[in-house]
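Undergrad: Pasting protein-v8.cif below, which is mmCIF, C-alpha atoms.
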```cif
data_data
#
loop_
_atom_site.group_PDB
_atom_site.id
_atom_site.type_symbol
_atom_site.label_atom_id
_atom_site.label_comp_id
_atom_site.auth_asym_id
_atom_site.auth_seq_id
_atom_site.Cartn_x
_atom_site.Cartn_y
_atom_site.Cartn_z
ATOM 1 C CA MET A 233 0.000 0.000 0.000
ATOM 2 C CA ASN A 234 1.046 3.564 -0.729
ATOM 3 C CA ALA A 235 2.899 4.900 2.349
ATOM 4 C CA ALA A 236 1.105 8.191 1.770
ATOM 5 C CA TYR A 237 -2.055 6.400 2.908
ATOM 6 C CA ILE A 238 -0.505 5.272 6.200
ATOM 7 C CA LYS A 239 1.402 8.264 7.549
ATOM 8 C CA PRO A 240 -1.598 10.608 7.847
ATOM 9 C CA PHE A 241 -3.379 8.148 10.143
ATOM 10 C CA ILE A 242 -0.290 7.515 12.282
ATOM 11 C CA GLN A 243 0.003 11.270 12.652
ATOM 12 C CA GLY A 244 -3.747 11.362 13.434
ATOM 13 C CA ILE A 245 -3.266 8.791 16.229
ATOM 14 C CA ARG A 246 -0.377 10.773 17.709
ATOM 15 C CA SER A 247 -2.163 14.113 17.641
ATOM 16 C CA VAL A 248 -5.627 12.926 18.771
ATOM 17 C CA PHE A 249 -4.288 10.726 21.576
ATOM 18 C CA GLY A 250 -1.764 13.382 22.564
ATOM 19 C CA THR A 251 -4.214 16.265 22.771
ATOM 20 C CA MET A 252 -7.554 14.580 23.577
ATOM 21 C CA VAL A 253 -6.449 11.624 25.717
ATOM 22 C CA ASN A 254 -3.210 13.107 27.056
ATOM 23 C CA LEU A 255 -1.510 9.870 26.130
ATOM 24 C CA GLU A 256 1.764 9.377 24.338
ATOM 25 C CA VAL A 257 1.647 6.646 21.681
ATOM 26 C CA ALA A 258 4.729 4.666 20.628
ATOM 27 C CA ILE A 259 4.140 3.532 17.055
ATOM 28 C CA GLY A 260 5.378 0.033 16.176
ATOM 29 C CA THR A 261 6.294 -1.421 12.806
ATOM 30 C CA PRO A 262 3.409 -1.492 10.328
ATOM 31 C CA THR A 263 2.737 -4.918 8.826
ATOM 32 C CA ILE A 264 0.510 -6.113 6.024
ATOM 33 C CA LYS A 265 -2.484 -7.946 7.474
ATOM 34 C CA SER A 266 -2.906 -11.167 5.603
ATOM 35 C CA GLU A 267 -5.332 -12.902 7.949
ATOM 36 C CA PRO A 268 -7.267 -11.627 10.951
ATOM 37 C CA LEU A 269 -5.225 -13.647 13.453
ATOM 38 C CA SER A 270 -5.414 -11.294 16.413
ATOM 39 C CA THR A 271 -8.546 -10.869 18.430
ATOM 40 C CA TYR A 272 -9.764 -7.808 20.297
ATOM 41 C CA ASP A 273 -12.614 -6.882 22.607
ATOM 42 C CA VAL A 274 -13.534 -3.406 21.386
ATOM 43 C CA SER A 275 -13.237 -1.997 17.848
ATOM 44 C CA GLY A 276 -14.246 1.308 16.303
ATOM 45 C CA VAL A 277 -14.804 1.039 12.544
ATOM 46 C CA ILE A 278 -15.201 3.880 10.068
ATOM 47 C CA GLY A 279 -15.616 3.730 6.308
ATOM 48 C CA ILE A 280 -13.870 5.980 3.810
ATOM 49 C CA SER A 281 -15.225 6.544 0.335
ATOM 50 C CA GLY A 282 -14.802 8.833 -2.632
ATOM 51 C CA GLU A 283 -11.494 8.990 -4.513
ATOM 52 C CA VAL A 284 -10.092 6.457 -2.053
ATOM 53 C CA VAL A 285 -12.216 3.726 -0.492
ATOM 54 C CA GLY A 286 -11.623 1.543 2.518
ATOM 55 C CA SER A 287 -11.875 1.544 6.262
ATOM 56 C CA ILE A 288 -10.057 2.582 9.404
ATOM 57 C CA VAL A 289 -10.327 0.370 12.485
ATOM 58 C CA LEU A 290 -9.054 0.994 16.007
ATOM 59 C CA SER A 291 -9.041 -2.261 18.019
ATOM 60 C CA PHE A 292 -8.413 -2.552 21.751
ATOM 61 C CA PRO A 293 -8.345 -5.075 24.570
ATOM 62 C CA ALA A 294 -11.291 -4.220 26.878
ATOM 63 C CA GLU A 295 -9.132 -2.990 29.752
ATOM 64 C CA THR A 296 -7.084 -0.692 27.525
ATOM 65 C CA ALA A 297 -10.231 0.712 25.914
ATOM 66 C CA GLN A 298 -11.749 1.383 29.337
ATOM 67 C CA GLN A 299 -8.676 3.242 30.548
ATOM 68 C CA ILE A 300 -8.449 5.293 27.359
ATOM 69 C CA VAL A 301 -12.165 6.175 27.422
ATOM 70 C CA ALA A 302 -11.877 7.198 31.086
ATOM 71 C CA ARG A 303 -9.040 9.591 30.228
ATOM 72 C CA PHE A 304 -10.828 10.855 27.112
ATOM 73 C CA SER A 305 -14.280 11.431 28.563
ATOM 74 C CA GLY A 306 -13.261 12.106 32.155
ATOM 75 C CA GLU A 307 -15.405 9.334 33.599
ATOM 76 C CA GLU A 308 -15.322 5.565 33.976
ATOM 77 C CA CYS A 309 -17.857 3.780 31.741
ATOM 78 C CA ASP A 310 -18.802 0.156 31.490
ATOM 79 C CA VAL A 311 -17.970 -1.322 28.074
ATOM 80 C CA THR A 312 -21.655 -2.095 27.519
ATOM 81 C CA SER A 313 -22.825 1.491 28.080
ATOM 82 C CA PRO A 314 -23.859 3.764 25.186
ATOM 83 C CA ASP A 315 -21.434 6.427 26.485
ATOM 84 C CA PHE A 316 -18.554 3.995 26.093
ATOM 85 C CA ALA A 317 -19.471 3.231 22.469
ATOM 86 C CA ASP A 318 -19.919 6.935 21.774
ATOM 87 C CA ALA A 319 -16.445 7.678 23.123
ATOM 88 C CA VAL A 320 -14.760 4.919 21.094
ATOM 89 C CA GLY A 321 -16.689 6.041 18.012
ATOM 90 C CA GLU A 322 -15.602 9.631 18.559
ATOM 91 C CA LEU A 323 -11.951 8.583 18.866
ATOM 92 C CA VAL A 324 -11.969 6.667 15.579
ATOM 93 C CA ASN A 325 -13.892 9.541 14.022
ATOM 94 C CA MET A 326 -11.279 12.104 15.067
ATOM 95 C CA VAL A 327 -8.325 9.946 14.034
ATOM 96 C CA SER A 328 -9.939 9.187 10.654
ATOM 97 C CA GLY A 329 -10.910 12.811 10.092
ATOM 98 C CA ALA A 330 -7.398 14.009 10.873
ATOM 99 C CA GLY A 331 -5.865 11.333 8.642
ATOM 100 C CA LYS A 332 -8.261 11.937 5.770
ATOM 101 C CA ALA A 333 -7.371 15.630 5.713
ATOM 102 C CA ASP A 334 -3.742 14.743 4.954
ATOM 103 C CA LEU A 335 -4.389 12.097 2.302
ATOM 104 C CA PRO A 336 -2.956 12.836 -1.139
ATOM 105 C CA HIS A 337 -6.486 12.434 -2.554
ATOM 106 C CA LYS A 338 -8.692 15.244 -1.357
ATOM 107 C CA GLY A 339 -11.983 13.824 -2.608
ATOM 108 C CA ALA A 340 -12.508 11.360 0.219
ATOM 109 C CA SER A 341 -15.093 11.474 2.967
ATOM 110 C CA ILE A 342 -15.647 9.448 6.114
ATOM 111 C CA SER A 343 -18.753 7.634 7.288
ATOM 112 C CA CYS A 344 -20.180 7.503 10.819
ATOM 113 C CA PRO A 345 -18.411 5.116 13.182
ATOM 114 C CA SER A 346 -19.688 1.691 14.209
ATOM 115 C CA VAL A 347 -18.410 0.298 17.489
ATOM 116 C CA VAL A 348 -18.070 -3.448 18.031
ATOM 117 C CA VAL A 349 -18.008 -4.798 21.584
ATOM 118 C CA GLY A 350 -17.447 -8.523 22.002
ATOM 119 C CA LYS A 351 -14.724 -10.542 23.634
ATOM 120 C CA ASN A 352 -12.172 -11.930 21.181
ATOM 121 C CA HIS A 353 -13.718 -10.789 17.935
ATOM 122 C CA ARG A 354 -11.784 -10.635 14.692
ATOM 123 C CA ILE A 355 -12.212 -8.108 11.918
ATOM 124 C CA ALA A 356 -11.522 -8.958 8.297
ATOM 125 C CA THR A 357 -11.281 -6.737 5.264
ATOM 126 C CA GLY A 358 -12.043 -8.065 1.803
ATOM 127 C CA HIS A 359 -8.987 -9.509 0.062
ATOM 128 C CA GLU A 360 -9.259 -6.856 -2.655
ATOM 129 C CA THR A 361 -8.302 -4.069 -0.255
ATOM 130 C CA PRO A 362 -4.763 -4.152 1.190
ATOM 131 C CA CYS A 363 -4.753 -3.667 4.945
ATOM 132 C CA VAL A 364 -1.871 -2.432 7.094
ATOM 133 C CA VAL A 365 -1.839 -3.009 10.852
ATOM 134 C CA VAL A 366 0.056 -0.555 13.029
ATOM 135 C CA PRO A 367 0.690 -1.536 16.663
ATOM 136 C CA CYS A 368 0.368 1.321 19.152
ATOM 137 C CA LYS A 369 1.848 1.113 22.647
ATOM 138 C CA THR A 370 0.733 3.355 25.484
ATOM 139 C CA GLU A 371 0.848 3.375 29.263
ATOM 140 C CA CYS A 372 -2.796 2.186 29.152
ATOM 141 C CA GLY A 373 -1.784 -0.875 27.116
ATOM 142 C CA GLN A 374 -1.472 -1.752 23.452
ATOM 143 C CA PHE A 375 -3.966 -1.320 20.665
ATOM 144 C CA VAL A 376 -3.840 -1.322 16.862
ATOM 145 C CA ILE A 377 -4.957 0.857 14.026
ATOM 146 C CA GLU A 378 -5.804 -0.932 10.792
ATOM 147 C CA ILE A 379 -5.718 1.097 7.599
ATOM 148 C CA ALA A 380 -7.351 -0.575 4.585
ATOM 149 C CA LEU A 381 -7.401 1.798 1.632
ATOM 150 C CA LYS A 382 -7.232 1.699 -2.139
ATOM 151 C CA GLU A 383 -7.781 4.150 -4.942
ATOM 152 C CA ALA A 384 -11.363 4.086 -6.193
ATOM 153 C CA THR A 385 -11.923 2.597 -9.603
ATOM 154 C CA VAL A 386 -12.775 5.193 -12.243
ATOM 155 C CA GLY A 387 -16.328 6.388 -11.915
ATOM 156 C CA ALA A 388 -16.843 4.867 -8.478
ATOM 157 C CA ALA A 389 -16.055 8.081 -6.627
ATOM 158 C CA ALA A 390 -18.966 9.833 -8.275
ATOM 159 C CA ALA A 391 -21.253 6.806 -8.263
ATOM 160 C CA MET B 116 -35.444 8.576 10.236
ATOM 161 C CA ASN B 117 -36.662 9.425 6.755
ATOM 162 C CA ALA B 118 -38.460 6.343 5.348
ATOM 163 C CA ALA B 119 -36.799 7.123 2.022
ATOM 164 C CA TYR B 120 -33.538 6.007 3.655
ATOM 165 C CA ILE B 121 -34.954 2.622 4.707
ATOM 166 C CA LYS B 122 -36.907 1.334 1.719
ATOM 167 C CA PRO B 123 -33.981 1.230 -0.743
ATOM 168 C CA PHE B 124 -32.043 -1.096 1.558
ATOM 169 C CA ILE B 125 -35.036 -3.356 2.215
ATOM 170 C CA GLN B 126 -35.460 -3.580 -1.540
ATOM 171 C CA GLY B 127 -31.700 -4.241 -1.802
ATOM 172 C CA ILE B 128 -31.977 -7.151 0.662
ATOM 173 C CA ARG B 129 -34.880 -8.646 -1.289
ATOM 174 C CA SER B 130 -33.215 -8.364 -4.679
ATOM 175 C CA VAL B 131 -29.681 -9.440 -3.653
ATOM 176 C CA PHE B 132 -30.831 -12.380 -1.535
ATOM 177 C CA GLY B 133 -33.441 -13.362 -4.146
ATOM 178 C CA THR B 134 -31.080 -13.335 -7.106
ATOM 179 C CA MET B 135 -27.662 -14.098 -5.583
ATOM 180 C CA VAL B 136 -28.575 -16.418 -2.685
ATOM 181 C CA ASN B 137 -31.812 -17.792 -4.112
ATOM 182 C CA LEU B 138 -33.428 -17.056 -0.776
ATOM 183 C CA GLU B 139 -36.751 -15.401 -0.110
ATOM 184 C CA VAL B 140 -36.620 -12.865 2.728
ATOM 185 C CA ALA B 141 -39.655 -11.996 4.866
ATOM 186 C CA ILE B 142 -39.162 -8.459 6.127
ATOM 187 C CA GLY B 143 -40.297 -7.776 9.703
ATOM 188 C CA THR B 144 -41.282 -4.493 11.329
ATOM 189 C CA PRO B 145 -38.472 -1.906 11.407
ATOM 190 C CA THR B 146 -37.736 -0.528 14.868
ATOM 191 C CA ILE B 147 -35.568 2.302 16.109
ATOM 192 C CA LYS B 148 -32.459 0.874 17.755
ATOM 193 C CA SER B 149 -31.978 2.618 21.063
ATOM 194 C CA GLU B 150 -29.421 0.285 22.610
ATOM 195 C CA PRO B 151 -27.417 -2.590 21.133
ATOM 196 C CA LEU B 152 -29.291 -5.242 23.130
ATOM 197 C CA SER B 153 -29.082 -8.106 20.646
ATOM 198 C CA THR B 154 -25.887 -9.968 20.012
ATOM 199 C CA TYR B 155 -24.729 -11.654 16.830
ATOM 200 C CA ASP B 156 -21.831 -13.822 15.707
ATOM 201 C CA VAL B 157 -21.081 -12.426 12.246
ATOM 202 C CA SER B 158 -21.555 -8.861 10.996
ATOM 203 C CA GLY B 159 -20.746 -7.139 7.732
ATOM 204 C CA VAL B 160 -20.294 -3.379 8.146
ATOM 205 C CA ILE B 161 -20.099 -0.780 5.406
ATOM 206 C CA GLY B 162 -19.812 2.982 5.688
ATOM 207 C CA ILE B 163 -21.719 5.524 3.604
ATOM 208 C CA SER B 164 -20.498 9.072 3.155
ATOM 209 C CA GLY B 165 -21.083 12.103 1.011
ATOM 210 C CA GLU B 166 -24.471 13.863 1.050
ATOM 211 C CA VAL B 167 -25.702 11.265 3.525
ATOM 212 C CA VAL B 168 -23.446 9.660 6.114
ATOM 213 C CA GLY B 169 -23.830 6.547 8.198
ATOM 214 C CA SER B 170 -23.463 2.821 8.025
ATOM 215 C CA ILE B 171 -25.200 -0.349 6.913
ATOM 216 C CA VAL B 172 -24.748 -3.505 8.980
ATOM 217 C CA LEU B 173 -25.921 -7.046 8.248
ATOM 218 C CA SER B 174 -25.732 -9.192 11.408
ATOM 219 C CA PHE B 175 -26.231 -12.951 11.561
ATOM 220 C CA PRO B 176 -26.092 -15.859 13.980
ATOM 221 C CA ALA B 177 -23.109 -18.031 12.916
ATOM 222 C CA GLU B 178 -25.214 -20.929 11.622
ATOM 223 C CA THR B 179 -27.425 -18.669 9.506
ATOM 224 C CA ALA B 180 -24.387 -16.901 8.067
ATOM 225 C CA GLN B 181 -22.778 -20.236 7.197
ATOM 226 C CA GLN B 182 -25.883 -21.474 5.396
ATOM 227 C CA ILE B 183 -26.286 -18.214 3.488
ATOM 228 C CA VAL B 184 -22.596 -18.103 2.488
ATOM 229 C CA ALA B 185 -22.805 -21.736 1.303
ATOM 230 C CA ARG B 186 -25.756 -20.871 -0.948
ATOM 231 C CA PHE B 187 -24.118 -17.644 -2.133
ATOM 232 C CA SER B 188 -20.645 -18.963 -2.894
ATOM 233 C CA GLY B 189 -21.565 -22.541 -3.696
ATOM 234 C CA GLU B 190 -19.262 -24.031 -1.058
ATOM 235 C CA GLU B 191 -19.193 -24.560 2.680
ATOM 236 C CA CYS B 192 -16.677 -22.317 4.467
ATOM 237 C CA ASP B 193 -15.625 -22.191 8.070
ATOM 238 C CA VAL B 194 -16.514 -18.864 9.722
ATOM 239 C CA THR B 195 -12.822 -18.230 10.402
ATOM 240 C CA SER B 196 -11.752 -18.595 6.753
ATOM 241 C CA PRO B 197 -10.917 -15.562 4.573
ATOM 242 C CA ASP B 198 -13.390 -16.824 1.945
ATOM 243 C CA PHE B 199 -16.188 -16.659 4.491
ATOM 244 C CA ALA B 200 -15.377 -13.033 5.384
ATOM 245 C CA ASP B 201 -15.084 -12.161 1.689
ATOM 246 C CA ALA B 202 -18.539 -13.612 1.002
ATOM 247 C CA VAL B 203 -20.177 -11.761 3.902
ATOM 248 C CA GLY B 204 -18.403 -8.571 2.838
ATOM 249 C CA GLU B 205 -19.603 -9.005 -0.723
ATOM 250 C CA LEU B 206 -23.200 -9.491 0.430
ATOM 251 C CA VAL B 207 -23.232 -6.283 2.484
ATOM 252 C CA ASN B 208 -21.473 -4.537 -0.386
ATOM 253 C CA MET B 209 -24.128 -5.564 -2.890
ATOM 254 C CA VAL B 210 -27.055 -4.727 -0.592
ATOM 255 C CA SER B 211 -25.520 -1.336 0.261
ATOM 256 C CA GLY B 212 -24.699 -0.582 -3.366
ATOM 257 C CA ALA B 213 -28.234 -1.442 -4.489
ATOM 258 C CA GLY B 214 -29.743 0.622 -1.668
ATOM 259 C CA LYS B 215 -27.473 3.594 -2.221
ATOM 260 C CA ALA B 216 -28.492 3.775 -5.882
ATOM 261 C CA ASP B 217 -32.113 4.382 -4.831
ATOM 262 C CA LEU B 218 -31.457 6.934 -2.095
ATOM 263 C CA PRO B 219 -33.019 10.361 -2.636
ATOM 264 C CA HIS B 220 -29.531 11.874 -2.298
ATOM 265 C CA LYS B 221 -27.394 10.883 -5.243
ATOM 266 C CA GLY B 222 -24.080 12.189 -3.906
ATOM 267 C CA ALA B 223 -23.392 9.287 -1.563
ATOM 268 C CA SER B 224 -20.709 6.647 -1.878
ATOM 269 C CA ILE B 225 -19.980 3.435 -0.005
ATOM 270 C CA SER B 226 -16.772 2.287 1.661
ATOM 271 C CA CYS B 227 -15.230 -1.178 1.596
ATOM 272 C CA PRO B 228 -16.824 -3.714 3.917
ATOM 273 C CA SER B 229 -15.388 -4.836 7.250
ATOM 274 C CA VAL B 230 -16.490 -8.218 8.543
ATOM 275 C CA VAL B 231 -16.671 -8.921 12.273
ATOM 276 C CA VAL B 232 -16.561 -12.532 13.471
ATOM 277 C CA GLY B 233 -16.959 -13.131 17.202
ATOM 278 C CA LYS B 234 -19.561 -14.939 19.255
ATOM 279 C CA ASN B 235 -22.140 -12.638 20.831
ATOM 280 C CA HIS B 236 -20.752 -9.296 19.768
ATOM 281 C CA ARG B 237 -22.808 -6.109 19.821
ATOM 282 C CA ILE B 238 -22.569 -3.218 17.399
ATOM 283 C CA ALA B 239 -23.352 0.335 18.446
ATOM 284 C CA THR B 240 -23.782 3.444 16.353
ATOM 285 C CA GLY B 241 -23.098 6.864 17.806
ATOM 286 C CA HIS B 242 -26.162 8.461 19.425
ATOM 287 C CA GLU B 243 -26.050 11.280 16.867
ATOM 288 C CA THR B 244 -27.035 8.963 14.021
ATOM 289 C CA PRO B 245 -30.515 7.389 14.166
ATOM 290 C CA CYS B 246 -30.418 3.658 13.526
ATOM 291 C CA VAL B 247 -33.282 1.465 12.293
ATOM 292 C CA VAL B 248 -33.165 -2.320 12.724
ATOM 293 C CA VAL B 249 -35.075 -4.461 10.238
ATOM 294 C CA PRO B 250 -35.535 -8.155 11.080
ATOM 295 C CA CYS B 251 -35.244 -10.513 8.117
ATOM 296 C CA LYS B 252 -36.595 -14.060 8.216
ATOM 297 C CA THR B 253 -35.451 -16.755 5.826
ATOM 298 C CA GLU B 254 -35.453 -20.532 5.652
ATOM 299 C CA CYS B 255 -31.763 -20.343 6.715
ATOM 300 C CA GLY B 256 -32.741 -18.479 9.897
ATOM 301 C CA GLN B 257 -33.139 -14.876 10.931
ATOM 302 C CA PHE B 258 -30.764 -11.973 10.540
ATOM 303 C CA VAL B 259 -31.027 -8.185 10.721
ATOM 304 C CA ILE B 260 -30.093 -5.212 8.618
ATOM 305 C CA GLU B 261 -29.279 -2.040 10.507
ATOM 306 C CA ILE B 262 -29.541 1.245 8.637
ATOM 307 C CA ALA B 263 -27.956 4.246 10.360
ATOM 308 C CA LEU B 264 -28.087 7.300 8.125
ATOM 309 C CA LYS B 265 -28.384 11.040 8.376
ATOM 310 C CA GLU B 266 -28.019 13.973 6.039
ATOM 311 C CA ALA B 267 -24.493 15.339 6.035
ATOM 312 C CA THR B 268 -23.988 18.697 7.668
ATOM 313 C CA VAL B 269 -23.326 21.493 5.184
ATOM 314 C CA GLY B 270 -19.805 21.331 3.853
ATOM 315 C CA ALA B 271 -19.095 17.854 5.192
ATOM 316 C CA ALA B 272 -19.917 16.135 1.903
ATOM 317 C CA ALA B 273 -17.079 17.903 0.146
ATOM 318 C CA ALA B 274 -14.723 17.855 3.138
#
```
Have the structure of the file written as structure tokens, please.
TA:
Amino acid sequence: MNAAYIKPFIQGIRSVFGTMVNLEVAIGTPTIKSEPLSTYDVSGVIGISGEVVGSIVLSFPAETAQQIVARFSGEECDVTSPDFADAVGELVNMVSGAGKADLPHKGASISCPSVVVGKNHRIATGHETPCVVVPCKTECGQFVIEIALKEATVGAAAA
Amino acid sequence: MNAAYIKPFIQGIRSVFGTMVNLEVAIGTPTIKSEPLSTYDVSGVIGISGEVVGSIVLSFPAETAQQIVARFSGEECDVTSPDFADAVGELVNMVSGAGKADLPHKGASISCPSVVVGKNHRIATGHETPCVVVPCKTECGQFVIEIALKEATVGAAAA
């Protein structure tokens, strides 16, 4: 995948977590995701469409997500509460919005977030869209951002 | 939510499942989703952005998803296989694409699908986007389509 698709979202993670969660993020080595081998407990998913199409996923272990949401929203929430899902959705929304703004293609827009809560779920992207997984290490624990993006086929952006 | 946002996707379910899965779908009464009370094992998620923003989710019990994928792709797949995720992703892609084409707003585009596999997961949409759940009954079992859509705020479509 074009590195110009990855860097904006890594920068988005750093800036959103730095300013909104007051949390420093150590970025690990990005790898191509060939199979959804890892499992997580909480995932925020957002779609991107237009000149580039794909999805951005932030996936967390439950305990890490709870700590991050507590720092972000200023209060402890149970993972099953609507406030918890709203907070995770808002985080993926901000990271995706920040990343999208720095993509080389300007004609892309982001969808509304969906938040998955379920112990040990896996998330797969269709094999036609390359997906890069970037491990993120923080004092609240590790999580990943998955960036699955490709250029839209001609005509699809306006379709 | 505007009924004009719901009907195209119900029609999409009927036509895609009728032609591609050879499966008649009885559509139940749509309800507003206030909390993600139900759990599912397999979900296909796709984002919509542009003049309308939101997401479309198809959620299945594992056994129903396996039966539907077998009819759709012509072969049995394990729920953990990449082919299974591809098939579920393709189904939500086709239903969303068919529905999008009949939306009153023409400037909307769909993202690539993400497929969640995990026993008893829940999917939440942010409280700012109304979400309608439509139960679908088939001879392979029941599943739901969730339609969460709202008009984009001014300027967001081009952002």
Undergrad: List the spatial neighbours of Gly373 (chain A) as a list in words - criterion: any atom at most 10 Å away, all atoms listed in the file, same-chain residues fewer than 5 positions off excluded.
TA: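 My reading of the contact set: Val257, Phe292, Pro293, Glu295, Thr296, Ala297, Gln299, Ile300 and Cys368 of chain A.
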Undergrad: What would the file look like if the residues just selected were written as a PDB file, keeping the file's coordinate frame with C-alpha atoms?
TA:
```
ATOM      1  CA  VAL A 257       1.647   6.646  21.681  1.00  0.00           C
ATOM      2  CA  PHE A 292      -8.413  -2.552  21.751  1.00  0.00           C
ATOM      3  CA  PRO A 293      -8.345  -5.075  24.570  1.00  0.00           C
ATOM      4  CA  GLU A 295      -9.132  -2.990  29.752  1.00  0.00           C
ATOM      5  CA  THR A 296      -7.084  -0.692  27.525  1.00  0.00           C
ATOM      6  CA  ALA A 297     -10.231   0.712  25.914  1.00  0.00           C
ATOM      7  CA  GLN A 299      -8.676   3.242  30.548  1.00  0.00           C
ATOM      8  CA  ILE A 300      -8.449   5.293  27.359  1.00  0.00           C
ATOM      9  CA  CYS A 368       0.368   1.321  19.152  1.00  0.00           C
TER      10      CYS A 368
END
```
Undergrad: At a cut-off of 10 Å around the point (-14.1, 4.4, 1.5) (file coordinates), what residues fall inside when counting all atoms listed in the file? I'd like the answer as JSON, numbers by chain.
TA: {"A": [278, 279, 280, 281, 282, 283, 284, 285, 286, 287, 288, 340, 341, 342, 343, 380, 381, 382, 383, 384, 389], "B": [161, 162, 163, 164, 224, 225, 226, 227, 228]}
Undergrad: List, as a list in words, every residue that the PyMOL selection byres ((chain A and resi 233) around 8) selects in the file provided.
TA: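 For this structure, the PyMOL selection byres ((chain A and resi 233) around 8) resolves to Asn234, Ala235, Tyr237, Pro362, Cys363, Val364, Leu381 and Lys382 of chain A.
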Undergrad: Per residue of region 359-384 of chain A within 12 Å of region 266-276 of chain A, what are the shortest atom pair and its distance in Å to one decimal, counting all atoms listed in the file, with rows by chain and residue number, as CSV?
TA:
```
residue,atom,partner,partner_atom,distance
A:His359,CA,A:Ser266,CA,8.4
A:Glu360,CA,A:Ser266,CA,11.3
A:Thr361,CA,A:Ser266,CA,10.7
A:Pro362,CA,A:Ser266,CA,8.5
A:Cys363,CA,A:Ser266,CA,7.8
A:Val364,CA,A:Ser266,CA,8.9
A:Val365,CA,A:Ser266,CA,9.8
A:Pro367,CA,A:Ser270,CA,11.5
A:Gln374,CA,A:Tyr272,CA,10.7
A:Phe375,CA,A:Tyr272,CA,8.7
A:Val376,CA,A:Tyr272,CA,9.4
A:Ile377,CA,A:Ser275,CA,9.6
A:Glu378,CA,A:Ser275,CA,10.3
A:Ala380,CA,A:Ser266,CA,11.5
```
Undergrad: Would you work out the distance separating CA of Glu190 (chain B) from CA of Ala202 (chain B), expressed in Å to one decimal?
TA: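 Interatomic distance, CA of Glu190 (chain B) to CA of Ala202 (chain B): 10.6 Å.
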Undergrad: Taking the file above as input, evaluate the PyMOL selection byres ((chain A and resi 371) around 8) and report the hits as a list in words.
TA: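 On the file shown, the PyMOL selection byres ((chain A and resi 371) around 8) covers Leu255, Glu256, Lys369, Thr370, Cys372 and Gly373 of chain A.
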Undergrad: Could you tell me how far CA of Arg246 (chain A) lies from CA of Val327 (chain A), in Å and to one decimal?
TA: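 Between CA of Arg246 (chain A) and CA of Val327 (chain A) the gap is 8.8 Å.
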Undergrad: Just to confirm, what's the straight-line distance from CA of Ile379 (chain A) to CA of Lys148 (chain B) in Å (one decimal)?
TA: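 Pair CA of Ile379 (chain A) / CA of Lys148 (chain B) returns 28.6 Å.
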Undergrad: Applying the PyMOL selection byres ((chain A and resi 357) around 6) to the file I just gave you, which residues come out? Please list them as JSON, numbers by chain.
TA: {"A": [356, 358], "B": [229]}
Undergrad: Please produce an output containing C-alpha atoms for each residue in the selection, written as a short mmCIF file (atom, residue, chain, number, x, y, z; two decimals), in the coordinates of the input.
TA:
```
data_model
loop_
_atom_site.label_atom_id
_atom_site.label_comp_id
_atom_site.auth_asym_id
_atom_site.auth_seq_id
_atom_site.Cartn_x
_atom_site.Cartn_y
_atom_site.Cartn_z
CA ALA A 356 -11.52 -8.96 8.30
CA GLY A 358 -12.04 -8.06 1.80
CA SER B 229 -15.39 -4.84 7.25
#
```
Undergrad: Could you name the residues that touch Gly214 (chain B) at 7 Å or less, counting all atoms listed in the file, but leaving out those on the same chain fewer than 3 positions away, as a short mmCIF file (atom, residue, chain, number, x, y, z; two decimals) with C-alpha atoms, in the coordinates of the input?
TA:
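For reference, out19.cif as written:
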```
data_model
loop_
_atom_site.label_atom_id
_atom_site.label_comp_id
_atom_site.auth_asym_id
_atom_site.auth_seq_id
_atom_site.Cartn_x
_atom_site.Cartn_y
_atom_site.Cartn_z
CA PRO B 123 -33.98 1.23 -0.74
CA PHE B 124 -32.04 -1.10 1.56
CA GLY B 127 -31.70 -4.24 -1.80
CA VAL B 210 -27.06 -4.73 -0.59
CA SER B 211 -25.52 -1.34 0.26
CA ASP B 217 -32.11 4.38 -4.83
CA LEU B 218 -31.46 6.93 -2.10
#
```
Undergrad: Have a look at A:Val348, A:Ile259, A:Val366, A:Val324 and name the one nearest to chain B; count all atoms listed in the file.
TA: A:Val348
Undergrad: May I ask which of the residues A:Leu290, A:Ala333, A:Val349, A:Gly250 is the closest one to Phe316 (chain A), counting all atoms listed in the file?
TA: A:Val349
Undergrad: So, counting all atoms listed in the file, which residue among A:Arg303, A:Lys332, A:Cys309, A:Asn352 is closest to Phe249 (chain A)?
TA: A:Arg303
Undergrad: Quick one: residues within 9 Å of Met209 (chain B), only C-alpha atoms counted, chain neighbours fewer than 3 positions away excluded, as a PyMOL selection string?
TA: chain B and resi 127-128+131+204-206+212-214
Undergrad: Go ahead and dump the residues you just picked, C-alpha atoms, as a PDB file, in the coordinates of the input.
TA:
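Heads up, here's the output in out_10.pdb:
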```
ATOM      1  CA  GLY B 127     -31.700  -4.241  -1.802  1.00  0.00           C
ATOM      2  CA  ILE B 128     -31.977  -7.151   0.662  1.00  0.00           C
ATOM      3  CA  VAL B 131     -29.681  -9.440  -3.653  1.00  0.00           C
ATOM      4  CA  GLY B 204     -18.403  -8.571   2.838  1.00  0.00           C
ATOM      5  CA  GLU B 205     -19.603  -9.005  -0.723  1.00  0.00           C
ATOM      6  CA  LEU B 206     -23.200  -9.491   0.430  1.00  0.00           C
ATOM      7  CA  GLY B 212     -24.699  -0.582  -3.366  1.00  0.00           C
ATOM      8  CA  ALA B 213     -28.234  -1.442  -4.489  1.00  0.00           C
ATOM      9  CA  GLY B 214     -29.743   0.622  -1.668  1.00  0.00           C
TER      10      GLY B 214
END
```
Undergrad: Which residue, B:Ile147, B:Ser196, B:Lys122, B:Pro219, has the smallest gap to chain A when you use only C-alpha atoms?
TA: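 Distance minimum relative to chain A lands on B:Ser196.
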Undergrad: Given the choices B:Ala119, B:Ile238, B:Val172, B:Ala177, which gets closest to Thr312 (chain A) if the distance is worked out from all atoms listed in the file?
TA: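 Closest candidate: B:Ile238.
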